[in-house]
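Before any comments, here is the structure.
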Amino acid sequence: MAIIQCTFSSEVLSRSMSMTVILPQSVNNEDKRYPTLYLLHGFSDDHTAWTRSTSLERYAEHLSLAIVMPGADNSYYSDMVHGGNYWKFITEELPATARSFFPLSDKREDNFVAGNSMGGFGALKWGLSHPQAFCAIASLSGVTDMVYHLHNVRTEGPEDKRKTLSLVFGEENIDQTSNDLLWQLEQVSKDSVPQPKLFQACGTEDFLYEHNMRFYKKCQDTDLDLTAIFNEGDHNWEYWDEKIQEVLHWLPIQN
């Protein structure tokens, strides 16, 4: 395996951006295009978080899987009301850039997206908005009900959280938009599009557990294929280090 720290110019954001890439080493097959997991970081972290805080490289060693971990600041993987267009960056520019640099497959059956906390929200938002691009989506302790979360923060949250979310979402109503994941579930289940497999995990001591139970119950009203795990654990890297191993084993990697 190779770990590559890559800094590149983003035309969308008009700035330099970075990603960490775990890439299988193959010297005998120049035409190989690897299945790819886009793995998103949480709030206050960056593109190095997964490799610094877990044994991800070791877990992926025998999977013939590329893992692309982009930095996206505290953007919630959204086009910010007061900031950069991180949604366009992550969904359009990043995959094209990564595939131009590295031998990554562009086939739907070879592409997956996952993340933790803010990254869990980003993974579900990306995957449910683009079901034609991903065959599997995984959320670990994700912010799975942003409508509820925004309401709580706006009405009774601390000032720093209100300011942060205001930069991203302004004071807009996000019901029935791409940021409303419960609504997104309904759309994907009704539309005649390929339906991705879903993986959801959250610790029972996590402050986002209630969010995740609402997402889980909403998903039960659809015919989407969901694997859900709710066991003892908190909002921390000990839990995510354990669960990313389960995600890697769950992914439908075709080699």
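Residue numbering restarts at 1 for every chain of the structure tokens, chains are lettered A, B, ... in their displayed order, and ligands are numbered from 1 as they appear.
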- prompt: Looking only at the backbone, which of the residues in range 48-228 of chain A does DSSP tag as helix (DSSP H, G or I), as a count of residues only?
  reply: 84
Residues near Gln5 in chain A, cut-off 8 Å, only C-alpha atoms, skip fewer than 2 positions along chain, as an mmCIF file with N, CA and C atoms, in the first residue's frame:
data_model
loop_
_atom_site.group_PDB
_atom_site.id
_atom_site.type_symbol
_atom_site.label_atom_id
_atom_site.label_comp_id
_atom_site.auth_asym_id
_atom_site.auth_seq_id
_atom_site.Cartn_x
_atom_site.Cartn_y
_atom_site.Cartn_z
ATOM 1 N N ILE A 3 0.693 5.476 0.791
ATOM 2 C CA ILE A 3 -0.061 6.618 1.310
ATOM 3 C C ILE A 3 0.494 7.871 0.660
ATOM 4 N N THR A 7 -1.546 17.798 -2.516
ATOM 5 C CA THR A 7 -2.083 19.159 -2.516
ATOM 6 C C THR A 7 -2.260 19.609 -3.959
ATOM 7 N N SER A 18 -6.313 19.726 -0.190
ATOM 8 C CA SER A 18 -5.478 18.549 0.044
ATOM 9 C C SER A 18 -6.334 17.306 0.186
ATOM 10 N N MET A 19 -5.737 16.184 -0.150
ATOM 11 C CA MET A 19 -6.345 14.888 0.097
ATOM 12 C C MET A 19 -5.261 13.878 0.434
ATOM 13 N N THR A 20 -5.625 12.916 1.255
ATOM 14 C CA THR A 20 -4.779 11.760 1.529
ATOM 15 C C THR A 20 -5.363 10.585 0.776
ATOM 16 N N VAL A 21 -4.508 9.833 0.101
ATOM 17 C CA VAL A 21 -4.961 8.699 -0.702
ATOM 18 C C VAL A 21 -4.190 7.455 -0.310
#
List every residue of range 1-95 of chain A that has an atom at most 6 Å from any atom of range 107-113 of chain A, giving for each one its closest atom pair and the distance in Å to one decimal, counting only C-alpha atoms, sorted by chain and then by ascending residue number, as a Markdown table.
| residue | atom | partner | partner_atom | distance |
| --- | --- | --- | --- | --- |
| A:Pro35 | CA | A:Asp110 | CA | 4.4 |
| A:Thr36 | CA | A:Asn111 | CA | 5.1 |
| A:Leu37 | CA | A:Phe112 | CA | 4.7 |
| A:Tyr38 | CA | A:Val113 | CA | 4.7 |
| A:Leu39 | CA | A:Val113 | CA | 5.9 |
Those selected residues, please, written with all heavy atoms and delivered as an mmCIF file, in the first residue's frame.
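Result saved to result_0.cif:
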data_model
loop_
_atom_site.group_PDB
_atom_site.id
_atom_site.type_symbol
_atom_site.label_atom_id
_atom_site.label_comp_id
_atom_site.auth_asym_id
_atom_site.auth_seq_id
_atom_site.Cartn_x
_atom_site.Cartn_y
_atom_site.Cartn_z
ATOM 1 N N PRO A 35 -11.318 -0.124 -7.347
ATOM 2 C CA PRO A 35 -12.508 0.298 -6.594
ATOM 3 C C PRO A 35 -12.099 1.378 -5.595
ATOM 4 O O PRO A 35 -10.984 1.332 -5.049
ATOM 5 C CB PRO A 35 -12.959 -0.986 -5.888
ATOM 6 C CG PRO A 35 -12.357 -2.090 -6.683
ATOM 7 C CD PRO A 35 -11.065 -1.563 -7.224
ATOM 8 N N THR A 36 -12.990 2.316 -5.345
ATOM 9 C CA THR A 36 -12.606 3.500 -4.565
ATOM 10 C C THR A 36 -13.627 3.815 -3.481
ATOM 11 O O THR A 36 -14.828 3.884 -3.747
ATOM 12 C CB THR A 36 -12.474 4.723 -5.503
ATOM 13 O OG1 THR A 36 -11.571 4.417 -6.566
ATOM 14 C CG2 THR A 36 -11.953 5.930 -4.732
ATOM 15 N N LEU A 37 -13.118 4.036 -2.279
ATOM 16 C CA LEU A 37 -13.921 4.534 -1.168
ATOM 17 C C LEU A 37 -13.553 5.988 -0.922
ATOM 18 O O LEU A 37 -12.386 6.299 -0.626
ATOM 19 C CB LEU A 37 -13.657 3.709 0.094
ATOM 20 C CG LEU A 37 -14.254 4.257 1.398
ATOM 21 C CD1 LEU A 37 -15.775 4.260 1.349
ATOM 22 C CD2 LEU A 37 -13.753 3.458 2.605
ATOM 23 N N TYR A 38 -14.525 6.874 -1.064
ATOM 24 C CA TYR A 38 -14.340 8.265 -0.662
ATOM 25 C C TYR A 38 -14.717 8.352 0.817
ATOM 26 O O TYR A 38 -15.869 8.102 1.180
ATOM 27 C CB TYR A 38 -15.201 9.196 -1.515
ATOM 28 C CG TYR A 38 -14.734 9.255 -2.947
ATOM 29 C CD1 TYR A 38 -15.214 8.350 -3.897
ATOM 30 C CD2 TYR A 38 -13.787 10.189 -3.353
ATOM 31 C CE1 TYR A 38 -14.764 8.380 -5.213
ATOM 32 C CE2 TYR A 38 -13.334 10.231 -4.670
ATOM 33 C CZ TYR A 38 -13.822 9.321 -5.590
ATOM 34 O OH TYR A 38 -13.365 9.344 -6.891
ATOM 35 N N LEU A 39 -13.742 8.671 1.654
ATOM 36 C CA LEU A 39 -13.912 8.628 3.106
ATOM 37 C C LEU A 39 -13.797 10.044 3.669
ATOM 38 O O LEU A 39 -12.726 10.667 3.598
ATOM 39 C CB LEU A 39 -12.864 7.700 3.724
ATOM 40 C CG LEU A 39 -12.962 7.416 5.210
ATOM 41 C CD1 LEU A 39 -14.319 6.843 5.593
ATOM 42 C CD2 LEU A 39 -11.842 6.464 5.635
#
field: strand (DSSP E or B) residues, from DSSP on the backbone, in range 11-134 of chain A, as a PyMOL selection string
entry: chain A and resi 15-23+34+36-40+66-70+79+85+104+111-116
How about saving the chosen residues, C-alpha atoms kept, as a compact mmCIF listing (two decimals), in the first residue's frame?
# COMPACT_ATOMS: atom_id res chain seq x y z
CA ARG A 15 -7.50 27.86 -3.31
CA SER A 16 -5.20 24.94 -2.66
CA MET A 17 -6.87 21.82 -1.27
CA SER A 18 -5.48 18.55 0.04
CA MET A 19 -6.35 14.89 0.10
CA THR A 20 -4.78 11.76 1.53
CA VAL A 21 -4.96 8.70 -0.70
CA ILE A 22 -4.32 5.08 0.21
CA LEU A 23 -3.47 3.25 -2.99
CA TYR A 34 -9.21 0.34 -8.44
CA THR A 36 -12.61 3.50 -4.57
CA LEU A 37 -13.92 4.53 -1.17
CA TYR A 38 -14.34 8.26 -0.66
CA LEU A 39 -13.91 8.63 3.11
CA LEU A 40 -15.00 11.95 4.63
CA ALA A 66 -8.20 2.81 -3.06
CA ILE A 67 -9.31 5.21 -0.32
CA VAL A 68 -9.58 8.92 -1.08
CA MET A 69 -9.80 11.21 1.95
CA PRO A 70 -10.35 14.87 0.97
CA ASP A 79 -22.15 25.13 -0.84
CA ASN A 85 -18.86 25.94 -2.80
CA LEU A 104 -9.42 4.86 -9.95
CA ASN A 111 -17.49 3.44 -5.96
CA PHE A 112 -18.44 3.88 -2.31
CA VAL A 113 -18.69 6.81 0.11
CA ALA A 114 -18.46 6.87 3.91
CA GLY A 115 -17.71 9.27 6.74
CA ASN A 116 -17.91 9.97 10.45
task: Check the smallest atom-to-atom distance from each of A:Gly122, A:Gly127, A:Pro24, A:Gly170 to Arg154 in chain A using only C-alpha atoms, then report the winner.
output: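 Answer, going by the shortest atom-to-atom distance: A:Gly170.
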task: Pick out the residues sitting within 10 Å of range 191-205 of chain A, and hand them over as an MDAnalysis selection string; count only C-alpha atoms, and ignore anything fewer than 6 positions along from it in its own chain.
output: chainID A and resid 108:109 112 114 116:117 120 124 127:128 130:142 144 211:213 215:216 219 223:236 239:240 243:244 246:247 250:252
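Minimum distance to Tyr209 in chain A across A:Leu167, A:Ile4, A:Leu185, A:Val143 (counting only C-alpha atoms) occurs at A:Val143.
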Point-to-point distance from CA of Asn179 in chain A to CA of Arg214 in chain A, Å rounded to tenths: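 About the pair CA of Asn179 in chain A and CA of Arg214 in chain A: they are 15.2 Å apart.
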message: Which residues are near Ser26 in chain A? Cut-off 12 Å, only C-alpha atoms, ignore same chain within fewer than 6 positions. Put them as a ChimeraX atom specification.
response: /A:1-2,32-34,64-66,103
Emit the selected residues as a PDB file, in the first residue's frame, including all heavy atoms.
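Wrote it out as result.pdb, contents follow:
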ATOM      1  N   MET A   1       0.841  -1.202   0.000  1.00  0.00           N
ATOM      2  CA  MET A   1       0.000   0.000   0.000  1.00  0.00           C
ATOM      3  C   MET A   1       0.874   1.250   0.000  1.00  0.00           C
ATOM      4  O   MET A   1       1.954   1.271   0.589  1.00  0.00           O
ATOM      5  CB  MET A   1      -0.910   0.029   1.232  1.00  0.00           C
ATOM      6  CG  MET A   1      -1.789  -1.191   1.420  1.00  0.00           C
ATOM      7  SD  MET A   1      -3.080  -1.355   0.178  1.00  0.00           S
ATOM      8  CE  MET A   1      -4.205  -0.050   0.692  1.00  0.00           C
ATOM      9  N   ALA A   2       0.391   2.255  -0.647  1.00  0.00           N
ATOM     10  CA  ALA A   2       1.058   3.555  -0.636  1.00  0.00           C
ATOM     11  C   ALA A   2       0.127   4.573   0.000  1.00  0.00           C
ATOM     12  O   ALA A   2      -1.096   4.529  -0.206  1.00  0.00           O
ATOM     13  CB  ALA A   2       1.414   3.981  -2.054  1.00  0.00           C
ATOM     14  N   LYS A  32      -5.024  -1.470 -14.540  1.00  0.00           N
ATOM     15  CA  LYS A  32      -5.912  -1.675 -13.402  1.00  0.00           C
ATOM     16  C   LYS A  32      -6.531  -0.360 -12.954  1.00  0.00           C
ATOM     17  O   LYS A  32      -5.855   0.666 -12.830  1.00  0.00           O
ATOM     18  CB  LYS A  32      -5.123  -2.289 -12.235  1.00  0.00           C
ATOM     19  CG  LYS A  32      -5.904  -2.453 -10.939  1.00  0.00           C
ATOM     20  CD  LYS A  32      -6.909  -3.565 -11.024  1.00  0.00           C
ATOM     21  CE  LYS A  32      -7.559  -3.833  -9.674  1.00  0.00           C
ATOM     22  NZ  LYS A  32      -8.583  -4.883  -9.745  1.00  0.00           N
ATOM     23  N   ARG A  33      -7.847  -0.373 -12.735  1.00  0.00           N
ATOM     24  CA  ARG A  33      -8.563   0.763 -12.158  1.00  0.00           C
ATOM     25  C   ARG A  33      -9.210   0.277 -10.877  1.00  0.00           C
ATOM     26  O   ARG A  33     -10.039  -0.623 -10.906  1.00  0.00           O
ATOM     27  CB  ARG A  33      -9.615   1.310 -13.137  1.00  0.00           C
ATOM     28  CG  ARG A  33      -9.010   1.988 -14.364  1.00  0.00           C
ATOM     29  CD  ARG A  33      -8.288   3.265 -13.981  1.00  0.00           C
ATOM     30  NE  ARG A  33      -7.657   3.931 -15.125  1.00  0.00           N
ATOM     31  CZ  ARG A  33      -6.399   3.764 -15.481  1.00  0.00           C
ATOM     32  NH1 ARG A  33      -5.638   2.905 -14.807  1.00  0.00           N
ATOM     33  NH2 ARG A  33      -5.890   4.419 -16.502  1.00  0.00           N
ATOM     34  N   TYR A  34      -8.845   0.893  -9.748  1.00  0.00           N
ATOM     35  CA  TYR A  34      -9.208   0.344  -8.445  1.00  0.00           C
ATOM     36  C   TYR A  34     -10.595   0.794  -7.974  1.00  0.00           C
ATOM     37  O   TYR A  34     -10.982   1.953  -8.164  1.00  0.00           O
ATOM     38  CB  TYR A  34      -8.175   0.771  -7.398  1.00  0.00           C
ATOM     39  CG  TYR A  34      -6.846   0.097  -7.589  1.00  0.00           C
ATOM     40  CD1 TYR A  34      -5.773   0.788  -8.161  1.00  0.00           C
ATOM     41  CD2 TYR A  34      -6.657  -1.231  -7.222  1.00  0.00           C
ATOM     42  CE1 TYR A  34      -4.549   0.175  -8.356  1.00  0.00           C
ATOM     43  CE2 TYR A  34      -5.431  -1.857  -7.412  1.00  0.00           C
ATOM     44  CZ  TYR A  34      -4.388  -1.152  -7.979  1.00  0.00           C
ATOM     45  OH  TYR A  34      -3.183  -1.769  -8.174  1.00  0.00           O
ATOM     46  N   SER A  64      -7.409  -4.540  -2.123  1.00  0.00           N
ATOM     47  CA  SER A  64      -7.296  -3.988  -3.479  1.00  0.00           C
ATOM     48  C   SER A  64      -8.264  -2.823  -3.656  1.00  0.00           C
ATOM     49  O   SER A  64      -8.991  -2.706  -4.649  1.00  0.00           O
ATOM     50  CB  SER A  64      -7.568  -5.060  -4.536  1.00  0.00           C
ATOM     51  OG  SER A  64      -7.228  -4.600  -5.821  1.00  0.00           O
ATOM     52  N   LEU A  65      -8.274  -1.940  -2.664  1.00  0.00           N
ATOM     53  CA  LEU A  65      -9.208  -0.815  -2.601  1.00  0.00           C
ATOM     54  C   LEU A  65      -8.428   0.478  -2.431  1.00  0.00           C
ATOM     55  O   LEU A  65      -7.568   0.584  -1.548  1.00  0.00           O
ATOM     56  CB  LEU A  65     -10.156  -0.992  -1.413  1.00  0.00           C
ATOM     57  CG  LEU A  65     -11.113   0.160  -1.088  1.00  0.00           C
ATOM     58  CD1 LEU A  65     -12.226   0.233  -2.129  1.00  0.00           C
ATOM     59  CD2 LEU A  65     -11.703  -0.014   0.321  1.00  0.00           C
ATOM     60  N   ALA A  66      -8.734   1.472  -3.259  1.00  0.00           N
ATOM     61  CA  ALA A  66      -8.196   2.814  -3.061  1.00  0.00           C
ATOM     62  C   ALA A  66      -9.113   3.582  -2.122  1.00  0.00           C
ATOM     63  O   ALA A  66     -10.334   3.425  -2.163  1.00  0.00           O
ATOM     64  CB  ALA A  66      -8.087   3.547  -4.399  1.00  0.00           C
ATOM     65  N   PRO A 103      -5.134   5.739 -10.611  1.00  0.00           N
ATOM     66  CA  PRO A 103      -5.897   4.750 -11.393  1.00  0.00           C
ATOM     67  C   PRO A 103      -7.153   4.289 -10.654  1.00  0.00           C
ATOM     68  O   PRO A 103      -7.212   3.202 -10.077  1.00  0.00           O
ATOM     69  CB  PRO A 103      -4.891   3.611 -11.571  1.00  0.00           C
ATOM     70  CG  PRO A 103      -4.033   3.673 -10.359  1.00  0.00           C
ATOM     71  CD  PRO A 103      -3.905   5.146 -10.030  1.00  0.00           C
TER      72      PRO A 103
END
query: If you measure from CA of Phe89 in chain A to CA of Lys125 in chain A, what distance in Å do you get, rounded to one decimal?
result: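 Calculated distance between CA of Phe89 in chain A and CA of Lys125 in chain A is 13.9 Å.
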